[in-house]
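Report on one structure; see the data block that follows.
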Number of protein chains: 2
Amino acid sequence: MDVIDKELSRAFRSKNIRMTRQRRAILGVLRSTDLHPTADWIYEKVREILPNISLGTVYRNLNILKEHELLRELNYSDEVSHFDGNAENHYHFICQNCKRIFDIDEPVDIQLDRRISSKTGFEIDHHRLEFYGICPNCKDLPY
Amino acid sequence: MDVIDKELSRAFRSKNIRMTRQRRAILGVLRSTDLHPTADWIYEKVREILPNISLGTVYRNLNILKEHELLRELNYSDEVSHFDGNAENHYHFICQNCKRIFDIDEPVDIQLDRRISSKTGFEIDHHRLEFYGICPNCKDLPY
DNA sequence: TTAGATGCAAAGGGTTTGCAACGTC
DNA sequence: GACGTTGCAAACCCTTTGCATCTAA
């Protein structure tokens, strides 16, 4: 937790945003999981550290951290927002059964942006790619 | 409107769902635009044809039509749902300035699903690809 | 010292839902 | 005639916000 703490302090200073206990706890919790959790899940986890924190504070900080590109917000069909402590663009797989979100270990295809850009005339900043299907866990489940 | 009407009747029959005036109008309106509109936009348009229709009916029907794969729902960051009368998988470009959604004329890369599937072990049904940037209209705007 | 952050609770806003009346097949 | 659908309005639920208090720098 010490290493993470230092890393977070550095992140906050580099973005010129004030480091509060709440903010550090929120980003710490998010960075300690690969579950791509919801605001409410993060709230419950942070409450184990700061029992008096409010859900409003969690939302406010998630938005601030997003604006400073210290995390990403993920929106999927029919779902509430999920948050990703990895702010770098990367691809995801969403299980259509259990709704879990997995990271895909595949480099982002920057060539694609250039190709589509010159083909269509749109000035492309980035793209977002998600795969949908059934994860190994759910595939083995009986009906 | 006659051709579209027949097409819609066929679509409804083929899916075994009852065809009501409201339902036909909703899908008709959606199929007559490439704006990828919101439920509220569709509601306002349908009201020009059926002034007494309620927003609840629009939502209910959009969900039913989505379940029967007669349209697609699109969710983007920080945004309300948009609906696409083209139920076939295809790619989109979203302008980060005006938020408009454009279709991308590019074949869906099915090889990609196979490649990622064998690489990761996930059973992939489909993928969703969106490009973000600035559209030609907004690029030319003064600041 | 002071601008920015917090906790609380209320408000917002898109979407869903219960119910009696209605319309489609 | 039976059952799915509608219109209406209220409820839902995630998220945002106003405000007095607090706190990091």
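Labeling convention for the structure tokens: chains A, B, ... as they appear, residues from 1 per chain, ligands from 1 in order of appearance.
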Write out, as a Markdown table, each residue of chain B that has an atom at most 10 Å from chain C, together with the closest pair of atoms and their distance in Å to one decimal, counting only C-alpha atoms (C1' of nucleotides), rows going by chain and rising number.
| residue | atom | partner | partner_atom | distance |
| --- | --- | --- | --- | --- |
| B:Arg18 | CA | C:DT24 | C1' | 7.1 |
| B:Met19 | CA | C:DT24 | C1' | 7.7 |
| B:Thr20 | CA | C:DT24 | C1' | 7.3 |
| B:Arg21 | CA | C:DG23 | C1' | 9.8 |
| B:Ala39 | CA | C:DG14 | C1' | 9.5 |
| B:Asp40 | CA | C:DG14 | C1' | 9.6 |
| B:Leu55 | CA | C:DT15 | C1' | 9.8 |
| B:Gly56 | CA | C:DT16 | C1' | 8.0 |
| B:Tyr59 | CA | C:DT15 | C1' | 7.5 |
| B:Arg60 | CA | C:DT16 | C1' | 8.5 |
| B:Glu79 | CA | C:DG14 | C1' | 9.9 |
| B:Val80 | CA | C:DG14 | C1' | 7.1 |
| B:Ser81 | CA | C:DG14 | C1' | 8.8 |
Query - Members of chain A assigned alpha helix (DSSP H) by DSSP, as a PyMOL selection string - result: chain A and resi 2-15+21-31+39-47+55-67+110-120+136-139
Requested in this report: Please report as a VMD selection string which residues of chain B come no farther than 7 Å from chain A, using only C-alpha atoms.
Outcome: chain B and resid 74 to 77 122 to 136
Output N, CA and C atoms of each residue in that selection to a file, as a compact mmCIF listing (two decimals), in the first residue's frame.
# COMPACT_ATOMS: atom_id res chain seq x y z
N LEU B 74 -27.69 2.35 -28.59
CA LEU B 74 -26.29 2.78 -28.50
C LEU B 74 -26.09 3.59 -27.24
N ASN B 75 -25.13 3.21 -26.43
CA ASN B 75 -24.81 3.98 -25.23
C ASN B 75 -23.41 4.55 -25.35
N TYR B 76 -23.31 5.84 -25.10
CA TYR B 76 -22.00 6.47 -25.12
C TYR B 76 -21.74 7.16 -23.80
N SER B 77 -20.49 7.46 -23.56
CA SER B 77 -20.10 8.08 -22.30
C SER B 77 -20.94 9.32 -22.03
N PHE B 122 -11.71 -16.36 -24.85
CA PHE B 122 -13.10 -15.93 -24.72
C PHE B 122 -13.90 -16.36 -25.94
N GLU B 123 -15.12 -16.78 -25.69
CA GLU B 123 -16.01 -17.12 -26.80
C GLU B 123 -16.69 -15.83 -27.25
N ILE B 124 -16.31 -15.32 -28.40
CA ILE B 124 -16.76 -13.99 -28.81
C ILE B 124 -17.93 -14.07 -29.77
N ASP B 125 -18.97 -13.32 -29.45
CA ASP B 125 -20.16 -13.28 -30.29
C ASP B 125 -20.06 -12.17 -31.32
N HIS B 126 -19.63 -11.01 -30.86
CA HIS B 126 -19.48 -9.87 -31.76
C HIS B 126 -18.64 -8.81 -31.08
N HIS B 127 -18.28 -7.79 -31.82
CA HIS B 127 -17.58 -6.68 -31.20
C HIS B 127 -18.24 -5.37 -31.60
N ARG B 128 -17.87 -4.36 -30.86
CA ARG B 128 -18.44 -3.04 -31.08
C ARG B 128 -17.28 -2.07 -31.18
N LEU B 129 -17.29 -1.30 -32.26
CA LEU B 129 -16.16 -0.41 -32.51
C LEU B 129 -16.66 0.99 -32.80
N GLU B 130 -16.13 1.95 -32.05
CA GLU B 130 -16.53 3.34 -32.24
C GLU B 130 -15.30 4.23 -32.32
N PHE B 131 -15.38 5.18 -33.22
CA PHE B 131 -14.29 6.15 -33.37
C PHE B 131 -14.75 7.49 -32.81
N TYR B 132 -13.83 8.15 -32.12
CA TYR B 132 -14.13 9.46 -31.54
C TYR B 132 -13.21 10.50 -32.12
N GLY B 133 -13.75 11.68 -32.38
CA GLY B 133 -12.94 12.76 -32.92
C GLY B 133 -13.81 13.96 -33.24
N ILE B 134 -13.37 14.74 -34.23
CA ILE B 134 -14.10 15.95 -34.61
C ILE B 134 -14.59 15.78 -36.04
N CYS B 135 -15.87 16.04 -36.24
CA CYS B 135 -16.44 15.89 -37.59
C CYS B 135 -16.08 17.10 -38.45
N PRO B 136 -16.14 16.96 -39.77
CA PRO B 136 -15.77 18.06 -40.67
C PRO B 136 -16.50 19.36 -40.36
Any chance you could tabulate, as a tab-separated table, the residues of chain D at most 9 Å from chain A with each one's nearest atom pair and distance in Å to one decimal, using only C-alpha atoms (C1' of nucleotides), in chain and rising number order?
residue	atom	partner	partner_atom	distance
D:DC14	C1'	A:Val80	CA	7.2
D:DT15	C1'	A:Tyr59	CA	7.5
D:DT16	C1'	A:Gly56	CA	8.0
D:DT23	C1'	A:Thr20	CA	8.5
D:DA24	C1'	A:Arg18	CA	7.0
D:DA25	C1'	A:Arg18	CA	8.1
Export of prior selection with N, CA and C atoms (P, O5', C5', C4', C3', O3' and C1' of nucleotides) as a PDB file, in the first residue's frame:
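What landed in selection.pdb:
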ATOM      1  P    DC D  14     -29.201   1.975  -8.892  1.00  0.00           P
ATOM      2  O5'  DC D  14     -28.101   2.825  -9.663  1.00  0.00           O
ATOM      3  C5'  DC D  14     -28.125   2.857 -11.086  1.00  0.00           C
ATOM      4  C4'  DC D  14     -27.785   4.249 -11.543  1.00  0.00           C
ATOM      5  C3'  DC D  14     -26.455   4.798 -11.036  1.00  0.00           C
ATOM      6  O3'  DC D  14     -25.733   5.278 -12.162  1.00  0.00           O
ATOM      7  C1'  DC D  14     -28.177   6.368 -10.658  1.00  0.00           C
ATOM      8  P    DT D  15     -24.272   5.785 -12.022  1.00  0.00           P
ATOM      9  O5'  DT D  15     -24.514   7.344 -11.784  1.00  0.00           O
ATOM     10  C5'  DT D  15     -25.111   8.097 -12.832  1.00  0.00           C
ATOM     11  C4'  DT D  15     -25.328   9.517 -12.375  1.00  0.00           C
ATOM     12  C3'  DT D  15     -24.089  10.224 -11.820  1.00  0.00           C
ATOM     13  O3'  DT D  15     -23.754  11.269 -12.725  1.00  0.00           O
ATOM     14  C1'  DT D  15     -26.024  10.661 -10.504  1.00  0.00           C
ATOM     15  P    DT D  16     -22.689  12.366 -12.388  1.00  0.00           P
ATOM     16  O5'  DT D  16     -23.568  13.550 -11.776  1.00  0.00           O
ATOM     17  C5'  DT D  16     -24.679  14.013 -12.515  1.00  0.00           C
ATOM     18  C4'  DT D  16     -25.331  15.183 -11.797  1.00  0.00           C
ATOM     19  C3'  DT D  16     -24.389  16.318 -11.382  1.00  0.00           C
ATOM     20  O3'  DT D  16     -25.048  17.523 -11.708  1.00  0.00           O
ATOM     21  C1'  DT D  16     -25.606  15.575  -9.514  1.00  0.00           C
ATOM     22  P    DT D  23     -11.784  18.416   9.247  1.00  0.00           P
ATOM     23  O5'  DT D  23     -10.754  18.570   8.033  1.00  0.00           O
ATOM     24  C5'  DT D  23     -11.146  18.224   6.723  1.00  0.00           C
ATOM     25  C4'  DT D  23     -10.052  18.659   5.752  1.00  0.00           C
ATOM     26  C3'  DT D  23      -8.659  18.748   6.352  1.00  0.00           C
ATOM     27  O3'  DT D  23      -7.739  18.446   5.340  1.00  0.00           O
ATOM     28  C1'  DT D  23      -9.213  20.821   5.483  1.00  0.00           C
ATOM     29  P    DA D  24      -6.725  17.279   5.472  1.00  0.00           P
ATOM     30  O5'  DA D  24      -5.830  17.509   4.175  1.00  0.00           O
ATOM     31  C5'  DA D  24      -6.462  17.467   2.902  1.00  0.00           C
ATOM     32  C4'  DA D  24      -5.806  18.457   1.963  1.00  0.00           C
ATOM     33  C3'  DA D  24      -4.286  18.437   1.951  1.00  0.00           C
ATOM     34  O3'  DA D  24      -3.882  18.557   0.589  1.00  0.00           O
ATOM     35  C1'  DA D  24      -5.036  20.602   2.545  1.00  0.00           C
ATOM     36  P    DA D  25      -2.345  18.508   0.207  1.00  0.00           P
ATOM     37  O5'  DA D  25      -1.981  20.059   0.110  1.00  0.00           O
ATOM     38  C5'  DA D  25      -2.529  20.828  -0.945  1.00  0.00           C
ATOM     39  C4'  DA D  25      -1.968  22.225  -0.841  1.00  0.00           C
ATOM     40  C3'  DA D  25      -0.452  22.275  -0.673  1.00  0.00           C
ATOM     41  O3'  DA D  25       0.087  23.323  -1.461  1.00  0.00           O
ATOM     42  C1'  DA D  25      -1.481  23.460   1.068  1.00  0.00           C
TER      43       DA D  25
END
Requested in this report: Mind giving me the straight-line distance from atom CA of A:Thr33 to atom CA of A:Ile17 in Å, one decimal?
Outcome: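 According to the coordinates, atom CA of A:Thr33 and atom CA of A:Ile17 are separated by 23.0 Å.
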Report task. Determine, counting only C-alpha atoms (C1' of nucleotides), which protein, DNA and RNA residues have an atom within 10 Å of an atom of stretch 3-14 of chain A; residues of the same chain fewer than 3 positions away are not included. Present the result as a PyMOL selection string. Result -> chain A and resi 17-20+23-25+27-28+31-32+65+68+70
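For stretch 29-129 of chain B, backbone-based DSSP assignment of strand (DSSP E) covers B:Arg72, B:Glu73, B:Leu74, B:His82, B:Phe83, B:Asp84, B:Tyr91, B:His92, B:Phe93, B:Ile94, B:Cys95, B:Ile101, B:Phe102, B:Asp103, B:Ile104, B:Glu123, B:Ile124, B:Asp125, B:His126, B:His127, B:Arg128, B:Leu129.
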Print the selection's residues with N, CA, C and O atoms to a file, as a PDB file, in the first residue's frame.
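Contents of selection.pdb, as written:
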ATOM      1  N   ARG B  72     -31.128  -1.205 -32.804  1.00  0.00           N
ATOM      2  CA  ARG B  72     -30.039  -1.292 -31.842  1.00  0.00           C
ATOM      3  C   ARG B  72     -30.051  -0.100 -30.907  1.00  0.00           C
ATOM      4  O   ARG B  72     -30.410   0.993 -31.303  1.00  0.00           O
ATOM      5  N   GLU B  73     -29.632  -0.351 -29.683  1.00  0.00           N
ATOM      6  CA  GLU B  73     -29.482   0.741 -28.734  1.00  0.00           C
ATOM      7  C   GLU B  73     -28.001   1.058 -28.622  1.00  0.00           C
ATOM      8  O   GLU B  73     -27.163   0.162 -28.526  1.00  0.00           O
ATOM      9  N   LEU B  74     -27.688   2.349 -28.593  1.00  0.00           N
ATOM     10  CA  LEU B  74     -26.292   2.780 -28.502  1.00  0.00           C
ATOM     11  C   LEU B  74     -26.091   3.592 -27.240  1.00  0.00           C
ATOM     12  O   LEU B  74     -26.802   4.560 -26.993  1.00  0.00           O
ATOM     13  N   HIS B  82     -29.135   6.278 -27.453  1.00  0.00           N
ATOM     14  CA  HIS B  82     -29.520   6.607 -28.815  1.00  0.00           C
ATOM     15  C   HIS B  82     -29.950   5.319 -29.494  1.00  0.00           C
ATOM     16  O   HIS B  82     -29.534   4.228 -29.092  1.00  0.00           O
ATOM     17  N   PHE B  83     -30.788   5.458 -30.530  1.00  0.00           N
ATOM     18  CA  PHE B  83     -31.313   4.273 -31.191  1.00  0.00           C
ATOM     19  C   PHE B  83     -30.985   4.295 -32.675  1.00  0.00           C
ATOM     20  O   PHE B  83     -30.955   5.360 -33.301  1.00  0.00           O
ATOM     21  N   ASP B  84     -30.729   3.108 -33.197  1.00  0.00           N
ATOM     22  CA  ASP B  84     -30.263   2.956 -34.568  1.00  0.00           C
ATOM     23  C   ASP B  84     -31.194   1.992 -35.283  1.00  0.00           C
ATOM     24  O   ASP B  84     -31.325   0.836 -34.884  1.00  0.00           O
ATOM     25  N   TYR B  91     -20.053   0.081 -37.654  1.00  0.00           N
ATOM     26  CA  TYR B  91     -19.221   0.945 -36.828  1.00  0.00           C
ATOM     27  C   TYR B  91     -19.733   2.385 -36.841  1.00  0.00           C
ATOM     28  O   TYR B  91     -20.406   2.812 -37.774  1.00  0.00           O
ATOM     29  N   HIS B  92     -19.375   3.126 -35.795  1.00  0.00           N
ATOM     30  CA  HIS B  92     -19.818   4.514 -35.687  1.00  0.00           C
ATOM     31  C   HIS B  92     -18.663   5.467 -35.419  1.00  0.00           C
ATOM     32  O   HIS B  92     -17.630   5.071 -34.874  1.00  0.00           O
ATOM     33  N   PHE B  93     -18.905   6.709 -35.795  1.00  0.00           N
ATOM     34  CA  PHE B  93     -18.009   7.796 -35.426  1.00  0.00           C
ATOM     35  C   PHE B  93     -18.819   8.789 -34.604  1.00  0.00           C
ATOM     36  O   PHE B  93     -19.918   9.170 -35.007  1.00  0.00           O
ATOM     37  N   ILE B  94     -18.284   9.192 -33.448  1.00  0.00           N
ATOM     38  CA  ILE B  94     -18.980  10.162 -32.601  1.00  0.00           C
ATOM     39  C   ILE B  94     -18.149  11.436 -32.534  1.00  0.00           C
ATOM     40  O   ILE B  94     -16.976  11.406 -32.148  1.00  0.00           O
ATOM     41  N   CYS B  95     -18.776  12.551 -32.903  1.00  0.00           N
ATOM     42  CA  CYS B  95     -18.077  13.839 -32.838  1.00  0.00           C
ATOM     43  C   CYS B  95     -18.027  14.296 -31.384  1.00  0.00           C
ATOM     44  O   CYS B  95     -19.064  14.437 -30.735  1.00  0.00           O
ATOM     45  N   ILE B 101     -23.698  11.326 -34.144  1.00  0.00           N
ATOM     46  CA  ILE B 101     -23.228   9.973 -34.405  1.00  0.00           C
ATOM     47  C   ILE B 101     -23.336   9.699 -35.897  1.00  0.00           C
ATOM     48  O   ILE B 101     -24.390   9.910 -36.491  1.00  0.00           O
ATOM     49  N   PHE B 102     -22.234   9.254 -36.495  1.00  0.00           N
ATOM     50  CA  PHE B 102     -22.231   8.966 -37.922  1.00  0.00           C
ATOM     51  C   PHE B 102     -21.957   7.484 -38.148  1.00  0.00           C
ATOM     52  O   PHE B 102     -21.223   6.860 -37.380  1.00  0.00           O
ATOM     53  N   ASP B 103     -22.544   6.950 -39.205  1.00  0.00           N
ATOM     54  CA  ASP B 103     -22.211   5.580 -39.591  1.00  0.00           C
ATOM     55  C   ASP B 103     -20.868   5.568 -40.310  1.00  0.00           C
ATOM     56  O   ASP B 103     -20.545   6.487 -41.069  1.00  0.00           O
ATOM     57  N   ILE B 104     -20.099   4.530 -40.070  1.00  0.00           N
ATOM     58  CA  ILE B 104     -18.834   4.346 -40.768  1.00  0.00           C
ATOM     59  C   ILE B 104     -19.025   3.265 -41.824  1.00  0.00           C
ATOM     60  O   ILE B 104     -19.487   2.160 -41.514  1.00  0.00           O
ATOM     61  N   GLU B 123     -15.116 -16.782 -25.694  1.00  0.00           N
ATOM     62  CA  GLU B 123     -16.008 -17.116 -26.799  1.00  0.00           C
ATOM     63  C   GLU B 123     -16.688 -15.829 -27.246  1.00  0.00           C
ATOM     64  O   GLU B 123     -17.543 -15.294 -26.537  1.00  0.00           O
ATOM     65  N   ILE B 124     -16.311 -15.322 -28.396  1.00  0.00           N
ATOM     66  CA  ILE B 124     -16.763 -13.992 -28.809  1.00  0.00           C
ATOM     67  C   ILE B 124     -17.930 -14.073 -29.774  1.00  0.00           C
ATOM     68  O   ILE B 124     -17.876 -14.786 -30.774  1.00  0.00           O
ATOM     69  N   ASP B 125     -18.971 -13.325 -29.451  1.00  0.00           N
ATOM     70  CA  ASP B 125     -20.160 -13.283 -30.292  1.00  0.00           C
ATOM     71  C   ASP B 125     -20.062 -12.166 -31.324  1.00  0.00           C
ATOM     72  O   ASP B 125     -20.382 -12.339 -32.488  1.00  0.00           O
ATOM     73  N   HIS B 126     -19.635 -11.006 -30.857  1.00  0.00           N
ATOM     74  CA  HIS B 126     -19.478  -9.872 -31.764  1.00  0.00           C
ATOM     75  C   HIS B 126     -18.636  -8.811 -31.078  1.00  0.00           C
ATOM     76  O   HIS B 126     -18.320  -8.931 -29.894  1.00  0.00           O
ATOM     77  N   HIS B 127     -18.285  -7.787 -31.819  1.00  0.00           N
ATOM     78  CA  HIS B 127     -17.580  -6.676 -31.196  1.00  0.00           C
ATOM     79  C   HIS B 127     -18.238  -5.367 -31.599  1.00  0.00           C
ATOM     80  O   HIS B 127     -19.043  -5.316 -32.527  1.00  0.00           O
ATOM     81  N   ARG B 128     -17.870  -4.359 -30.861  1.00  0.00           N
ATOM     82  CA  ARG B 128     -18.436  -3.041 -31.078  1.00  0.00           C
ATOM     83  C   ARG B 128     -17.281  -2.070 -31.184  1.00  0.00           C
ATOM     84  O   ARG B 128     -16.382  -2.063 -30.339  1.00  0.00           O
ATOM     85  N   LEU B 129     -17.293  -1.300 -32.256  1.00  0.00           N
ATOM     86  CA  LEU B 129     -16.159  -0.409 -32.514  1.00  0.00           C
ATOM     87  C   LEU B 129     -16.660   0.994 -32.796  1.00  0.00           C
ATOM     88  O   LEU B 129     -17.530   1.190 -33.646  1.00  0.00           O
TER      89      LEU B 129
END
Query raised in the report: Separation of atom CA of A:Leu62 and atom CA of A:His36, in Å?
Result: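 Distance between the two atoms: 12.9 Å.
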Query - Separation of atom CA of A:Lys66 from atom CA of A:Cys98 in Å - result: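 Atom CA of A:Cys98 sits 26.0 Å away from atom CA of A:Lys66.
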